[in-house]
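Novice: Once you've had a glance at the structure underneath, I'll fire off some questions.
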There are 2 protein chains.
Amino acid sequence: MHLISYDIENDRLRTKAAKLLIQHGLHRVQFSVFMGNLEPKAEKALTTALQALSLDSNWVLSDSFLVLPLHQNTLKQMSVIGAWPARWEEISGNLKTLIL
Amino acid sequence: MHLISYDIENDRLRTKAAKLLIQHGLHRVQFSVFMGNLEPKAEKALTTALQALSLDSNWVLSDSFLVLPLHQNTLKQMSVIGAWPARWEEISGNLKTLIL
């Protein structure tokens, strides 16, 4: 499981980043925070794509992606005040357990 | 170490949330993502304050705080594309190790 968040000033670039993250199997859990399972191969491809994005002429010095690998245990300790992300059981992998 | 992120639509409420998080010792690592060490007592006080905020009349149904306790090991595996958070050594606790 990975958590990836971003701070990107340029609208077009931010939309591009969100699309990239979703294309690589992540789910939007907040406006600028994404979570999901990334296989090592997919993680490498995504990192390369994000690095390429950071070379765009609209990328500014203060822009960033945080990439945080999370253990399943960490996920279990997550709490939410307000709205839980849509389809959280699916994202967190709890659904898989139920199906099995 | 905790990571707390938020999605809050109302400007005034969002500013209030940021102030609360910083007052409780967290550091802003991205616009809507904060990190820092929270002692159990401080964590409880902060959770209460955030829950109170979610009862404000400007809080909307889609607003949320994600509260994620992180192990020091998770922190070591964090990677950044672009700008590292300001004073990262201090936030992550690496500075303490150097001083000791």
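Residue numbers start at 1 in each chain; chains themselves are named A, B, ... in the order of the structure tokens; ligands are numbered from 1 in the order shown.
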Listing only residues of chain B within 9 Å of chain A, what is the closest atom pair and its distance in Å (to one decimal) for each, using only C-alpha atoms, sorted by chain and residue number ascending, as a Markdown table?
Specialist:
```
| residue | atom | partner | partner_atom | distance |
| --- | --- | --- | --- | --- |
| B:Ser5 | CA | A:Val33 | CA | 7.9 |
| B:Tyr6 | CA | A:Gln30 | CA | 7.2 |
| B:Asp7 | CA | A:Gln30 | CA | 6.0 |
| B:Val29 | CA | A:Leu66 | CA | 9.0 |
| B:Gln30 | CA | A:Asp7 | CA | 6.0 |
| B:Phe31 | CA | A:Asp7 | CA | 6.4 |
| B:Ser32 | CA | A:Ser32 | CA | 7.8 |
| B:Val33 | CA | A:Ser5 | CA | 8.0 |
| B:Thr47 | CA | A:Ile81 | CA | 8.4 |
| B:Leu50 | CA | A:Ile81 | CA | 7.4 |
| B:Gln51 | CA | A:Ile81 | CA | 6.5 |
| B:Ser54 | CA | A:Gly82 | CA | 6.7 |
| B:Trp59 | CA | A:Gly82 | CA | 9.0 |
| B:Val60 | CA | A:Gly82 | CA | 8.8 |
| B:Leu61 | CA | A:Ala83 | CA | 6.5 |
| B:Ser62 | CA | A:Ala83 | CA | 5.5 |
| B:Asp63 | CA | A:Gly82 | CA | 5.9 |
| B:Ser64 | CA | A:Gly82 | CA | 4.4 |
| B:Phe65 | CA | A:Ile81 | CA | 5.1 |
| B:Leu66 | CA | A:Val80 | CA | 4.7 |
| B:Val67 | CA | A:Ser79 | CA | 5.1 |
| B:Leu68 | CA | A:Met78 | CA | 4.7 |
| B:Pro69 | CA | A:Gln77 | CA | 6.6 |
| B:Leu70 | CA | A:Thr74 | CA | 6.6 |
| B:His71 | CA | A:Thr74 | CA | 8.0 |
| B:Thr74 | CA | A:Leu70 | CA | 6.6 |
| B:Leu75 | CA | A:Leu68 | CA | 7.5 |
| B:Gln77 | CA | A:Pro69 | CA | 6.7 |
| B:Met78 | CA | A:Leu68 | CA | 4.7 |
| B:Ser79 | CA | A:Val67 | CA | 5.1 |
| B:Val80 | CA | A:Leu66 | CA | 4.8 |
| B:Ile81 | CA | A:Phe65 | CA | 5.1 |
| B:Gly82 | CA | A:Ser64 | CA | 4.5 |
| B:Ala83 | CA | A:Ser64 | CA | 5.2 |
| B:Trp84 | CA | A:Ser64 | CA | 7.2 |
| B:Pro85 | CA | A:Ser64 | CA | 8.7 |
```
Novice: Run DSSP on the backbone and tell me which residues of chain B come out as helix (DSSP H, G or I); list them as JSON, numbers by chain.
Specialist: {"B": [11, 12, 13, 14, 15, 16, 17, 18, 19, 20, 21, 22, 23, 40, 41, 42, 43, 44, 45, 46, 47, 48, 49, 50, 51, 52, 53, 72, 73, 74, 75, 76, 88, 89, 90, 91, 92, 94, 95, 96, 97, 98, 99]}
Novice: Just give me the gap between CA of Leu46 (chain B) and CA of Lys19 (chain B) in Å, one decimal is fine.
Specialist: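 Between CA of Leu46 (chain B) and CA of Lys19 (chain B) the gap works out to 11.3 Å.
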Novice: Counting only C-alpha atoms, figure out which residue out of B:Met35, B:Leu21, B:Leu13, B:Ala45 gets nearest to Gly93 (chain B).
Specialist: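 Between B:Met35, B:Leu21, B:Leu13, B:Ala45, the residue approaching Gly93 (chain B) most closely is B:Met35.
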Novice: Mind listing the strand (DSSP E) residues of region 4-69 of chain A, per DSSP on the backbone, as a PyMOL selection string?
Specialist: chain A and resi 4-7+27-30+33-36+64-69
Novice: So which residues touch region 25-27 of chain A within 8 Å, counting only C-alpha atoms, skipping near sequence neighbours fewer than 5 positions away, as a ChimeraX atom specification?
Specialist: /A:34-38,91
Novice: Please report the interatomic distance between CA of Lys41 (chain B) and CA of Met1 (chain B) in Å with one decimal.
Specialist: 13.6 Å
